[in-house]
file data29.cif (mmCIF, C-alpha atoms)
data_model
#
loop_
_atom_site.label_atom_id
_atom_site.label_comp_id
_atom_site.auth_asym_id
_atom_site.auth_seq_id
_atom_site.Cartn_x
_atom_site.Cartn_y
_atom_site.Cartn_z
CA MET A 779 36.83 -124.67 -24.76
CA LEU A 780 35.82 -121.94 -22.32
CA VAL A 781 38.08 -119.43 -24.07
CA HIS A 782 36.47 -120.26 -27.42
CA MET A 783 32.99 -119.71 -26.00
CA PHE A 784 34.16 -116.42 -24.56
CA LEU A 785 35.55 -115.45 -27.98
CA VAL A 786 32.25 -116.29 -29.69
CA GLY A 787 30.38 -114.14 -27.18
CA PHE A 788 32.81 -111.28 -27.72
CA LEU A 789 32.49 -111.44 -31.51
CA THR A 790 28.69 -111.71 -31.32
CA ALA A 791 28.39 -108.69 -29.03
CA ALA A 792 30.81 -106.69 -31.19
CA ALA A 793 28.82 -107.60 -34.31
CA VAL A 794 25.57 -106.41 -32.72
CA LEU A 795 27.24 -103.16 -31.67
CA TRP A 796 28.76 -102.65 -35.13
CA ALA A 797 25.43 -103.36 -36.85
CA SER A 798 23.58 -100.89 -34.59
CA VAL A 799 25.92 -98.11 -35.76
CA PHE A 800 27.57 -98.77 -39.11
CA GLY A 801 25.03 -101.33 -40.29
CA TYR A 802 22.21 -98.88 -39.60
CA ILE A 803 24.02 -96.09 -41.43
CA GLY A 804 24.63 -98.41 -44.38
CA LEU A 805 20.92 -99.26 -44.48
CA LEU A 806 20.02 -95.57 -44.43
CA LEU A 807 22.46 -94.83 -47.25
CA ALA A 808 20.94 -97.58 -49.38
CA LEU A 809 17.38 -96.46 -48.72
CA ALA A 810 18.23 -92.79 -49.26
CA ALA A 811 19.79 -93.63 -52.62
CA ARG A 812 16.53 -95.26 -53.70
CA ALA A 813 14.23 -92.59 -52.29
CA ARG A 814 12.56 -90.28 -54.76
CA ARG A 815 11.89 -86.74 -53.64
CA THR A 816 9.58 -84.25 -55.27
CA GLY A 817 12.33 -81.66 -55.48
CA SER A 818 14.89 -79.71 -53.50
CA GLY A 819 12.47 -76.99 -52.51
CA ARG A 820 14.20 -74.40 -54.71
CA SER A 821 11.30 -73.49 -56.98
CA ASP A 822 10.52 -69.87 -57.84
CA ASP A 823 6.89 -70.14 -56.72
CA GLU A 824 5.59 -67.31 -54.59
CA LEU A 825 6.57 -67.82 -50.99
CA PRO A 826 3.71 -67.82 -48.46
CA ALA A 827 3.17 -65.53 -45.51
CA ILE A 828 4.77 -67.12 -42.45
CA ALA A 829 5.34 -66.40 -38.78
CA VAL A 830 8.69 -66.68 -36.99
CA VAL A 831 8.28 -67.46 -33.30
CA VAL A 832 11.08 -66.67 -30.81
CA PRO A 833 10.46 -67.89 -27.23
CA VAL A 834 12.34 -65.85 -24.60
CA HIS A 835 12.82 -65.60 -20.86
CA ASN A 836 15.34 -63.14 -19.44
CA GLU A 837 17.31 -62.89 -22.67
CA GLU A 838 18.37 -59.25 -22.72
CA GLY A 839 21.84 -60.35 -23.78
CA PHE A 840 20.57 -61.99 -26.97
CA ILE A 841 17.24 -60.48 -28.03
CA ALA A 842 18.52 -57.35 -29.80
CA ALA A 843 21.01 -59.38 -31.84
CA LYS A 844 18.30 -61.93 -32.67
CA LEU A 845 15.98 -59.27 -34.03
CA ARG A 846 18.82 -57.92 -36.18
CA ASP A 847 19.52 -61.46 -37.31
CA LEU A 848 15.94 -61.94 -38.48
CA ARG A 849 16.01 -58.63 -40.34
CA ARG A 850 18.90 -60.03 -42.39
CA ALA A 851 16.77 -62.93 -43.63
CA ASP A 852 16.25 -62.85 -47.38
CA TYR A 853 12.61 -63.87 -46.98
CA PRO A 854 10.18 -61.25 -48.38
CA ARG A 855 9.77 -58.75 -45.56
CA GLU A 856 6.04 -58.21 -46.14
CA ARG A 857 5.38 -61.98 -45.78
CA LEU A 858 7.29 -62.52 -42.54
CA THR A 859 5.75 -61.83 -39.15
CA THR A 860 8.07 -62.02 -36.13
CA VAL A 861 6.52 -62.89 -32.78
CA VAL A 862 8.60 -62.77 -29.59
CA VAL A 863 6.91 -64.87 -26.90
CA ASP A 864 7.93 -63.84 -23.39
CA ARG A 865 7.00 -65.76 -20.24
CA GLY A 866 7.54 -63.04 -17.70
CA SER A 867 11.09 -61.83 -18.06
CA THR A 868 12.31 -59.79 -15.13
CA ASP A 869 15.16 -58.16 -17.04
CA ARG A 870 15.04 -55.74 -20.02
CA THR A 871 14.03 -58.33 -22.61
CA ALA A 872 10.50 -57.00 -23.18
CA ALA A 873 11.72 -53.38 -23.10
CA LEU A 874 14.30 -54.12 -25.80
CA VAL A 875 11.62 -55.68 -28.00
CA GLU A 876 9.41 -52.63 -27.55
CA ALA A 877 12.36 -50.34 -28.31
CA ALA A 878 13.08 -52.25 -31.52
CA ARG A 879 9.44 -51.95 -32.56
CA ALA A 880 9.48 -48.23 -31.84
CA ALA A 881 12.58 -47.96 -34.04
CA GLY A 882 10.73 -49.52 -36.97
CA THR A 883 11.29 -53.27 -36.57
CA THR A 884 8.20 -55.29 -37.48
CA VAL A 885 7.85 -57.45 -34.40
CA ALA A 886 5.02 -58.43 -32.07
CA LEU A 887 5.52 -59.12 -28.36
CA GLN A 888 3.28 -61.76 -26.81
CA GLN A 889 3.31 -62.05 -23.04
CA VAL A 890 2.35 -65.47 -21.66
CA ALA A 891 1.61 -64.86 -18.01
CA GLY A 892 2.14 -67.84 -15.76
CA ALA A 893 3.92 -70.01 -18.31
CA ARG A 894 6.20 -72.45 -16.54
CA GLY A 895 8.46 -73.21 -19.47
CA LYS A 896 9.08 -73.12 -23.20
CA ALA A 897 6.42 -75.74 -23.90
CA GLU A 898 3.64 -73.57 -22.50
CA GLN A 899 5.02 -70.55 -24.35
CA LEU A 900 4.86 -72.42 -27.64
CA ASN A 901 1.38 -73.76 -26.89
CA ALA A 902 0.11 -70.22 -26.40
CA ALA A 903 1.91 -68.79 -29.42
CA LEU A 904 1.28 -71.53 -31.98
CA ALA A 905 -2.40 -71.86 -31.15
CA GLY A 906 -3.04 -68.18 -31.89
CA LEU A 907 -1.25 -67.83 -35.23
CA PRO A 908 -3.22 -68.20 -38.48
CA HIS A 909 -0.23 -68.96 -40.73
CA GLU A 910 0.00 -72.33 -42.46
CA ILE A 911 3.77 -72.46 -41.93
CA ILE A 912 5.50 -71.35 -38.74
CA VAL A 913 9.25 -71.16 -38.12
CA VAL A 914 10.42 -71.60 -34.53
CA THR A 915 13.92 -70.42 -33.64
CA ASP A 916 15.84 -69.99 -30.41
CA VAL A 917 16.94 -66.54 -29.33
CA ASP A 918 20.54 -67.72 -28.90
CA SER A 919 21.01 -68.59 -32.56
CA ALA A 920 22.11 -66.88 -35.76
CA LEU A 921 20.53 -67.88 -39.06
CA GLU A 922 22.13 -67.69 -42.46
CA PRO A 923 20.11 -65.22 -44.60
CA ALA A 924 18.74 -68.06 -46.74
CA CYS A 925 17.86 -70.34 -43.80
CA ILE A 926 14.17 -69.46 -43.45
CA ARG A 927 13.61 -69.41 -47.20
CA GLU A 928 15.18 -72.86 -47.61
CA LEU A 929 13.13 -74.34 -44.78
CA VAL A 930 9.87 -73.05 -46.24
CA ARG A 931 10.74 -74.11 -49.78
CA THR A 932 11.67 -77.62 -48.68
CA LEU A 933 8.45 -77.91 -46.70
CA ARG A 934 6.31 -76.74 -49.62
CA ALA A 935 8.12 -78.95 -52.13
CA ASP A 936 7.10 -82.17 -50.37
CA PRO A 937 3.42 -82.40 -49.35
CA THR A 938 4.16 -85.50 -47.24
CA THR A 939 6.56 -83.57 -44.98
CA ASP A 940 5.27 -81.64 -41.96
CA ILE A 941 8.48 -80.55 -40.21
CA VAL A 942 11.81 -79.45 -41.67
CA GLY A 943 14.82 -78.69 -39.50
CA ALA A 944 17.92 -76.62 -40.16
CA ARG A 945 21.46 -77.93 -40.18
CA ILE A 946 23.10 -76.84 -36.92
CA ARG A 947 26.58 -75.41 -36.54
CA PRO A 948 27.85 -74.78 -32.99
CA ALA A 949 29.73 -71.55 -32.28
CA THR A 950 32.66 -73.20 -30.52
CA THR A 951 36.24 -74.26 -31.11
CA LEU A 952 35.61 -77.43 -29.08
CA LEU A 953 36.12 -80.19 -31.63
CA GLU A 954 34.03 -82.69 -29.68
CA GLU A 955 30.97 -80.43 -29.95
CA ARG A 956 31.55 -79.78 -33.64
CA ILE A 957 31.94 -83.49 -34.39
CA HIS A 958 28.82 -84.19 -32.32
CA TRP A 959 26.72 -81.85 -34.44
CA TRP A 960 28.28 -83.09 -37.66
CA LEU A 961 27.20 -86.61 -36.70
CA LEU A 962 23.69 -85.52 -35.77
CA ASN A 963 23.25 -83.45 -38.93
CA SER A 964 24.41 -86.36 -41.08
CA LEU A 965 22.27 -88.94 -39.26
CA TRP A 966 19.12 -86.83 -39.19
CA TRP A 967 19.45 -85.96 -42.86
CA LEU A 968 19.84 -89.64 -43.76
CA GLU A 969 16.89 -90.67 -41.60
CA GLY A 970 14.75 -88.00 -43.22
CA GLU A 971 15.70 -88.95 -46.77
CA ALA A 972 15.52 -92.72 -46.20
CA LEU A 973 12.59 -93.04 -43.81
CA GLY A 974 11.03 -89.60 -43.49
CA ALA A 975 11.69 -89.94 -39.78
CA ALA A 976 14.39 -87.46 -38.86
CA ALA A 977 14.74 -85.46 -35.68
CA VAL A 978 15.20 -81.69 -35.70
CA SER A 979 16.71 -79.20 -33.30
CA GLY A 980 14.72 -76.46 -31.63
CA VAL A 981 17.48 -74.07 -32.71
CA CYS A 982 15.48 -73.59 -35.91
CA PHE A 983 12.74 -75.57 -37.66
CA ALA A 984 9.65 -74.99 -39.80
CA ILE A 985 6.34 -76.74 -39.09
CA ARG A 986 2.96 -76.94 -40.80
CA ARG A 987 -0.03 -75.79 -38.81
CA SER A 988 -1.60 -79.24 -39.24
CA ALA A 989 1.36 -80.82 -37.39
CA ILE A 990 1.05 -78.67 -34.27
CA VAL A 991 -0.05 -80.60 -31.19
CA PRO A 992 -0.37 -79.40 -27.58
CA LEU A 993 2.91 -79.90 -25.75
CA PRO A 994 2.89 -81.37 -22.22
CA ALA A 995 3.63 -78.72 -19.63
CA ASP A 996 6.66 -80.67 -18.38
CA CYS A 997 8.09 -81.23 -21.88
CA SER A 998 11.77 -80.29 -21.95
CA ALA A 999 12.42 -81.38 -25.55
CA GLU A 1000 9.59 -79.83 -27.52
CA ASP A 1001 11.38 -80.35 -30.83
CA ILE A 1002 11.63 -84.12 -30.27
CA HIS A 1003 8.02 -84.33 -29.05
CA LEU A 1004 6.71 -82.63 -32.20
CA CYS A 1005 8.85 -84.88 -34.42
CA LEU A 1006 7.64 -88.03 -32.69
CA ALA A 1007 4.00 -86.94 -32.84
CA THR A 1008 4.35 -86.10 -36.53
CA GLY A 1009 5.98 -89.43 -37.37
CA ALA A 1010 3.35 -91.35 -35.41
CA ARG A 1011 0.70 -89.95 -37.78
CA GLY A 1012 2.64 -91.22 -40.79
CA ARG A 1013 3.90 -87.79 -41.80
CA ALA A 1014 7.53 -87.09 -42.66
CA VAL A 1015 10.16 -85.10 -40.77
CA ARG A 1016 13.26 -84.03 -42.70
CA LEU A 1017 16.40 -81.95 -42.37
CA CYS A 1018 17.34 -79.33 -44.98
CA ARG A 1019 21.10 -79.19 -45.55
CA HIS A 1020 20.79 -75.83 -47.33
CA ALA A 1021 19.33 -74.18 -44.21
CA LEU A 1022 22.12 -73.34 -41.79
CA ALA A 1023 21.67 -72.11 -38.22
CA THR A 1024 24.46 -71.37 -35.74
CA GLU A 1025 23.82 -72.19 -32.10
CA LEU A 1026 25.55 -69.57 -29.95
CA ARG A 1027 25.12 -70.87 -26.39
CA VAL A 1028 27.06 -74.12 -26.66
CA PRO A 1029 29.77 -75.96 -24.69
CA GLN A 1030 33.22 -74.41 -24.77
CA THR A 1031 34.90 -76.94 -22.46
CA LEU A 1032 34.70 -80.70 -21.96
CA ARG A 1033 32.99 -80.19 -18.59
CA GLU A 1034 30.30 -78.07 -20.22
CA PHE A 1035 30.01 -80.64 -22.99
CA LEU A 1036 29.23 -83.40 -20.49
CA ARG A 1037 26.64 -81.26 -18.72
CA PHE A 1038 24.94 -80.20 -21.98
CA ARG A 1039 24.81 -83.71 -23.41
CA ARG A 1040 23.46 -85.24 -20.21
CA ARG A 1041 20.72 -82.64 -19.85
CA ARG A 1042 19.64 -82.73 -23.48
CA GLY A 1043 19.93 -86.49 -23.65
CA ALA A 1044 17.64 -86.82 -20.63
CA GLY A 1045 15.03 -84.62 -22.32
CA TYR A 1046 15.27 -86.67 -25.50
CA VAL A 1047 14.79 -89.96 -23.64
CA ARG A 1048 11.83 -88.63 -21.65
CA GLU A 1049 9.98 -87.88 -24.87
CA LEU A 1050 10.87 -91.26 -26.37
CA LEU A 1051 9.49 -92.97 -23.27
CA ARG A 1052 6.45 -90.71 -23.08
CA MET A 1053 5.39 -91.13 -26.69
CA ARG A 1054 3.44 -94.31 -27.39
CA ALA A 1055 1.43 -94.80 -30.58
CA ALA A 1056 0.24 -98.33 -31.34
CA ALA A 1057 -1.15 -97.30 -34.74
CA ALA A 1058 2.05 -95.56 -35.88
CA PRO A 1059 3.87 -96.84 -39.00
CA LEU A 1060 6.36 -99.67 -38.56
CA ARG A 1061 9.32 -97.40 -39.38
CA TRP A 1062 8.32 -95.12 -36.50
CA HIS A 1063 8.38 -98.00 -34.03
CA PHE A 1064 11.66 -99.27 -35.47
CA ILE A 1065 13.47 -95.95 -35.05
CA ARG A 1066 11.97 -95.30 -31.60
CA TRP A 1067 13.10 -98.66 -30.26
CA LEU A 1068 16.48 -98.36 -31.93
CA ARG A 1069 17.06 -94.98 -30.30
CA LEU A 1070 16.01 -96.32 -26.92
CA ALA A 1071 18.44 -99.20 -27.43
CA HIS A 1072 21.19 -96.71 -28.28
CA PHE A 1073 20.50 -94.83 -25.06
CA PHE A 1074 20.04 -97.75 -22.65
CA PHE A 1075 21.38 -101.03 -24.05
CA MET A 1076 24.29 -100.19 -26.35
CA PRO A 1077 26.42 -98.41 -23.69
CA LEU A 1078 26.26 -101.53 -21.52
CA LEU A 1079 27.07 -103.71 -24.51
CA ALA A 1080 30.02 -101.47 -25.37
CA ALA A 1081 31.30 -101.82 -21.80
CA ALA A 1082 31.02 -105.59 -22.04
CA VAL A 1083 32.83 -105.65 -25.40
CA GLY A 1084 35.61 -103.47 -24.01
CA ALA A 1085 36.06 -105.65 -20.94
CA ALA A 1086 36.07 -108.80 -23.06
CA ALA A 1087 38.62 -107.27 -25.41
CA LEU A 1088 40.97 -106.57 -22.51
CA ALA A 1089 40.61 -110.13 -21.31
CA LEU A 1090 41.26 -111.57 -24.78
CA CYS A 1091 44.43 -109.52 -25.09
CA THR A 1092 46.01 -111.97 -22.63
CA THR A 1093 45.19 -114.95 -24.87
CA PRO A 1094 46.39 -116.14 -28.31
CA HIS A 1095 43.16 -114.66 -29.75
CA VAL A 1096 44.40 -111.09 -29.47
CA TYR A 1097 44.30 -110.77 -33.26
CA TRP A 1098 40.49 -110.91 -33.08
CA VAL A 1099 40.56 -107.90 -30.79
CA ALA A 1100 42.68 -106.06 -33.35
CA ALA A 1101 40.29 -107.03 -36.14
CA VAL A 1102 37.24 -105.79 -34.22
CA ALA A 1103 38.99 -102.54 -33.31
CA THR A 1104 39.85 -102.02 -36.96
CA ALA A 1105 36.24 -102.63 -37.98
CA PHE A 1106 35.16 -99.73 -35.76
CA VAL A 1107 38.06 -97.34 -36.20
CA VAL A 1108 38.54 -97.44 -39.98
CA PRO A 1109 34.99 -96.42 -41.04
CA THR A 1110 34.90 -93.78 -38.31
CA LEU A 1111 38.13 -92.14 -39.44
CA ALA A 1112 37.18 -92.46 -43.12
CA ALA A 1113 33.93 -90.60 -42.48
CA LEU A 1114 35.66 -87.89 -40.43
CA PHE A 1115 38.38 -87.27 -42.98
CA ALA A 1116 35.87 -87.27 -45.86
CA SER A 1117 33.79 -84.58 -44.16
CA THR A 1118 34.02 -81.31 -46.04
CA THR A 1119 32.33 -79.55 -43.12
CA LEU A 1120 34.93 -80.47 -40.51
CA GLY A 1121 37.78 -80.00 -42.97
CA ALA A 1122 36.55 -76.55 -43.97
CA GLU A 1123 36.58 -75.50 -40.31
CA GLY A 1124 40.29 -76.23 -39.98
CA GLY A 1125 40.19 -79.67 -38.44
CA ARG A 1126 43.54 -81.50 -38.76
CA TRP A 1127 43.51 -85.28 -39.02
CA TRP A 1128 45.26 -85.85 -35.71
CA HIS A 1129 43.06 -83.32 -33.94
CA LEU A 1130 39.96 -84.94 -35.39
CA SER A 1131 41.17 -88.40 -34.43
CA PHE A 1132 41.86 -87.52 -30.80
CA ALA A 1133 38.65 -85.50 -30.53
CA ALA A 1134 36.60 -88.37 -31.99
CA GLY A 1135 38.11 -90.73 -29.43
CA ARG A 1136 37.35 -88.36 -26.58
CA LEU A 1137 33.83 -87.84 -27.91
CA ALA A 1138 33.22 -91.59 -27.98
CA GLY A 1139 34.42 -91.91 -24.39
CA LEU A 1140 32.46 -88.93 -23.12
CA THR A 1141 29.30 -90.04 -24.92
CA TRP A 1142 29.63 -93.54 -23.50
CA PHE A 1143 30.10 -92.14 -19.97
CA SER A 1144 27.11 -89.79 -20.36
CA LEU A 1145 24.86 -92.58 -21.62
CA LEU A 1146 25.83 -94.87 -18.74
CA ALA A 1147 24.79 -92.13 -16.31
CA LEU A 1148 21.67 -91.16 -18.27
CA PRO A 1149 19.12 -93.54 -16.70
CA ARG A 1150 19.61 -91.84 -13.33
CA ALA A 1151 18.74 -88.50 -14.94
CA VAL A 1152 15.44 -89.73 -16.38
CA ASP A 1153 12.41 -89.50 -14.13
CA THR A 1154 11.22 -93.01 -13.24
CA LYS A 1155 7.59 -92.16 -14.02
CA PHE A 1156 8.47 -91.96 -17.72
CA ALA A 1157 10.06 -95.40 -17.62
CA ARG A 1158 6.84 -96.75 -16.06
CA GLY A 1159 4.71 -94.98 -18.66
CA GLU A 1160 2.80 -92.88 -16.12
#
call {"tool": "encode", "arguments": {"input": "data29.cif", "output": "structure tokens"}}
result
Amino acid sequence: MLVHMFLVGFLTAAAVLWASVFGYIGLLLALAARARRTGSGRSDDELPAIAVVVPVHNEEGFIAAKLRDLRRADYPRERLTTVVVDRGSTDRTAALVEAARAAGTTVALQQVAGARGKAEQLNAALAGLPHEIIVVTDVDSALEPACIRELVRTLRADPTTDIVGARIRPATTLLEERIHWWLLNSLWWLEGEALGAAAVSGVCFAIRRSAIVPLPADCSAEDIHLCLATGARGRAVRLCRHALATELRVPQTLREFLRFRRRRGAGYVRELLRMRAAAAPLRWHFIRWLRLAHFFFMPLLAAAVGAAALALCTTPHVYWVAAVATAFVVPTLAALFASTTLGAEGGRWWHLSFAAGRLAGLTWFSLLALPRAVDTKFARGE
């Protein structure tokens, strides 16, 4: 009798875990299939004048290449204003910007004296720009020539959308990092199409002036904060799959991967805990609580399911363990092998399989350690 109760608990916990991942994705797929969009953003209407903001701090190793990268954009040159926002670099960053301007590059340098971080840089820069659409991009990124154009077109095509993010490709051979971004790109695109509630990466995104809000000085995930604030007002956040940005400063080893994911995950959670909006749409509350559950509750549930599975392997009910494992493994592998993105980058099925397994383990370990990395004042709502 006790073994049967234990089995029921195991199956119930596994079902909750499965529903939080694959059930949620299935719901998004169904909703996205029913969603009607106003267009792909590929109209031939005249593109507006925009500003591209590049926050920097001691980036002499990247700034010259970034300015060349922006000159390759196929956006009309006379309608694109580049603003480099520096918060007191002590290296040659500012000098390299001035040298590029002297050589004919159309770029403005804004110095933000006393800024303590990227949030204060963006507050100063975004508040002073008159453009209706502003593109923010990191200095350590390379944009496909059509990236900016696609972001702006997608934003203009849907008047209910206030933020559009680019699809991110990491410049690494580390399969775990590539699979990680493939998962995020896929999930964020689905959430945007189904619920209008995607997240975007600060690597590159476009935002309407009306969506700009002051960022807290201690904000370490300004992209997530802006997305949450936009969704809380009932406005949509989406990801444009036609806009591709390559992130250059990314993990190259598993140790770096763990450090990156823990730091960025902590910033993400801080903004989820910080942002409270009682009057926000129901879908906003649903996704916020689901993400918090994924960060705090699901790792513990996964540990419990794993421990229970090991215990059941010593009983005649081992076939239930095999069935549950199959329910998780089969859809995961099917999605990986169906991915044209990972396949196009040379991923072999056995490499992808092992990397996906390592990614699951590393992610689980990082999430278990995450609460210790989040300042307790955010958990208390202070």
call {"tool": "resolve_selection", "arguments": {"input": "data29.cif", "expression": "the PyMOL selection byres ((chain A and resi 830) around 7)", "output": "PyMOL selection string"}}
result
chain A and resi 828-829+831-832+859-861+912-914
call {"tool": "resolve_selection", "arguments": {"input": "data29.cif", "expression": "the PyMOL selection byres ((chain A and resi 918) around 10)", "output": "list of chain:residue names"}}
result
A:Val832, A:Val834, A:Glu837, A:Gly839, A:Phe840, A:Ile841, A:Ala843, A:Lys844, A:Thr915, A:Asp916, A:Val917, A:Ser919, A:Ala920, A:Val981, A:Thr1024, A:Glu1025, A:Leu1026, A:Arg1027, A:Val1028
call {"tool": "resolve_selection", "arguments": {"input": "data29.cif", "expression": "the PyMOL selection byres ((chain A and resi 872-882) around 12)", "output": "compact mmCIF listing (two decimals) with C-alpha atoms, in the coordinates of the input"}}
result
# COMPACT_ATOMS: atom_id res chain seq x y z
CA VAL A 832 11.08 -66.67 -30.81
CA PRO A 833 10.46 -67.89 -27.23
CA VAL A 834 12.34 -65.85 -24.60
CA HIS A 835 12.82 -65.60 -20.86
CA ASN A 836 15.34 -63.14 -19.44
CA GLU A 837 17.31 -62.89 -22.67
CA GLU A 838 18.37 -59.25 -22.72
CA GLY A 839 21.84 -60.35 -23.78
CA PHE A 840 20.57 -61.99 -26.97
CA ILE A 841 17.24 -60.48 -28.03
CA ALA A 842 18.52 -57.35 -29.80
CA ALA A 843 21.01 -59.38 -31.84
CA LYS A 844 18.30 -61.93 -32.67
CA LEU A 845 15.98 -59.27 -34.03
CA ARG A 846 18.82 -57.92 -36.18
CA ARG A 849 16.01 -58.63 -40.34
CA THR A 860 8.07 -62.02 -36.13
CA VAL A 861 6.52 -62.89 -32.78
CA VAL A 862 8.60 -62.77 -29.59
CA VAL A 863 6.91 -64.87 -26.90
CA ASP A 864 7.93 -63.84 -23.39
CA ARG A 865 7.00 -65.76 -20.24
CA GLY A 866 7.54 -63.04 -17.70
CA SER A 867 11.09 -61.83 -18.06
CA THR A 868 12.31 -59.79 -15.13
CA ASP A 869 15.16 -58.16 -17.04
CA ARG A 870 15.04 -55.74 -20.02
CA THR A 871 14.03 -58.33 -22.61
CA THR A 883 11.29 -53.27 -36.57
CA THR A 884 8.20 -55.29 -37.48
CA VAL A 885 7.85 -57.45 -34.40
CA ALA A 886 5.02 -58.43 -32.07
CA LEU A 887 5.52 -59.12 -28.36
CA GLN A 888 3.28 -61.76 -26.81
CA GLN A 889 3.31 -62.05 -23.04
CA VAL A 890 2.35 -65.47 -21.66
call {"tool": "residues_around", "arguments": {"input": "data29.cif", "residues": "Pro854 (chain A)", "least_positions_apart": "2", "cutoff": "9 Å", "atoms": "all atoms listed in the file", "output": "PDB file with C-alpha atoms, in the frame of the given file"}}
result
ATOM      1  CA  LEU A 825       6.570 -67.820 -50.990  1.00  0.00           C
ATOM      2  CA  ALA A 827       3.170 -65.530 -45.510  1.00  0.00           C
ATOM      3  CA  ALA A 851      16.770 -62.930 -43.630  1.00  0.00           C
ATOM      4  CA  ASP A 852      16.250 -62.850 -47.380  1.00  0.00           C
ATOM      5  CA  GLU A 856       6.040 -58.210 -46.140  1.00  0.00           C
ATOM      6  CA  ARG A 857       5.380 -61.980 -45.780  1.00  0.00           C
ATOM      7  CA  LEU A 858       7.290 -62.520 -42.540  1.00  0.00           C
ATOM      8  CA  ARG A 927      13.610 -69.410 -47.200  1.00  0.00           C
TER       9      ARG A 927
END
call {"tool": "residues_around", "arguments": {"input": "data29.cif", "residues": "region 1081-1098 of chain A", "least_positions_apart": "2", "cutoff": "7 Å", "atoms": "only C-alpha atoms", "output": "list in words"}}
result
Phe788, Ala791, Ala792, Pro1077, Leu1078, Leu1079, Ala1100, Ala1101 and Val1102 of chain A
call {"tool": "closest_residue", "arguments": {"input": "data29.cif", "among": "A:Glu824, A:Asp847, A:Asp996, A:Asp936", "to": "Leu921 (chain A)", "atoms": "all atoms listed in the file"}}
result
A:Asp847
call {"tool": "closest_residue", "arguments": {"input": "data29.cif", "among": "A:His1072, A:Ala903, A:Arg1040, A:Leu961", "to": "Thr1110 (chain A)", "atoms": "only C-alpha atoms"}}
result
A:Leu961
call {"tool": "closest_residue", "arguments": {"input": "data29.cif", "among": "A:Leu1140, A:Leu806, A:Leu1145, A:Leu953", "to": "Val1047 (chain A)", "atoms": "all atoms listed in the file"}}
result
A:Leu1145
call {"tool": "atom_distance", "arguments": {"input": "data29.cif", "atom1": "CA of Leu1130 (chain A)", "atom2": "CA of Leu965 (chain A)"}}
result
18.5 Å
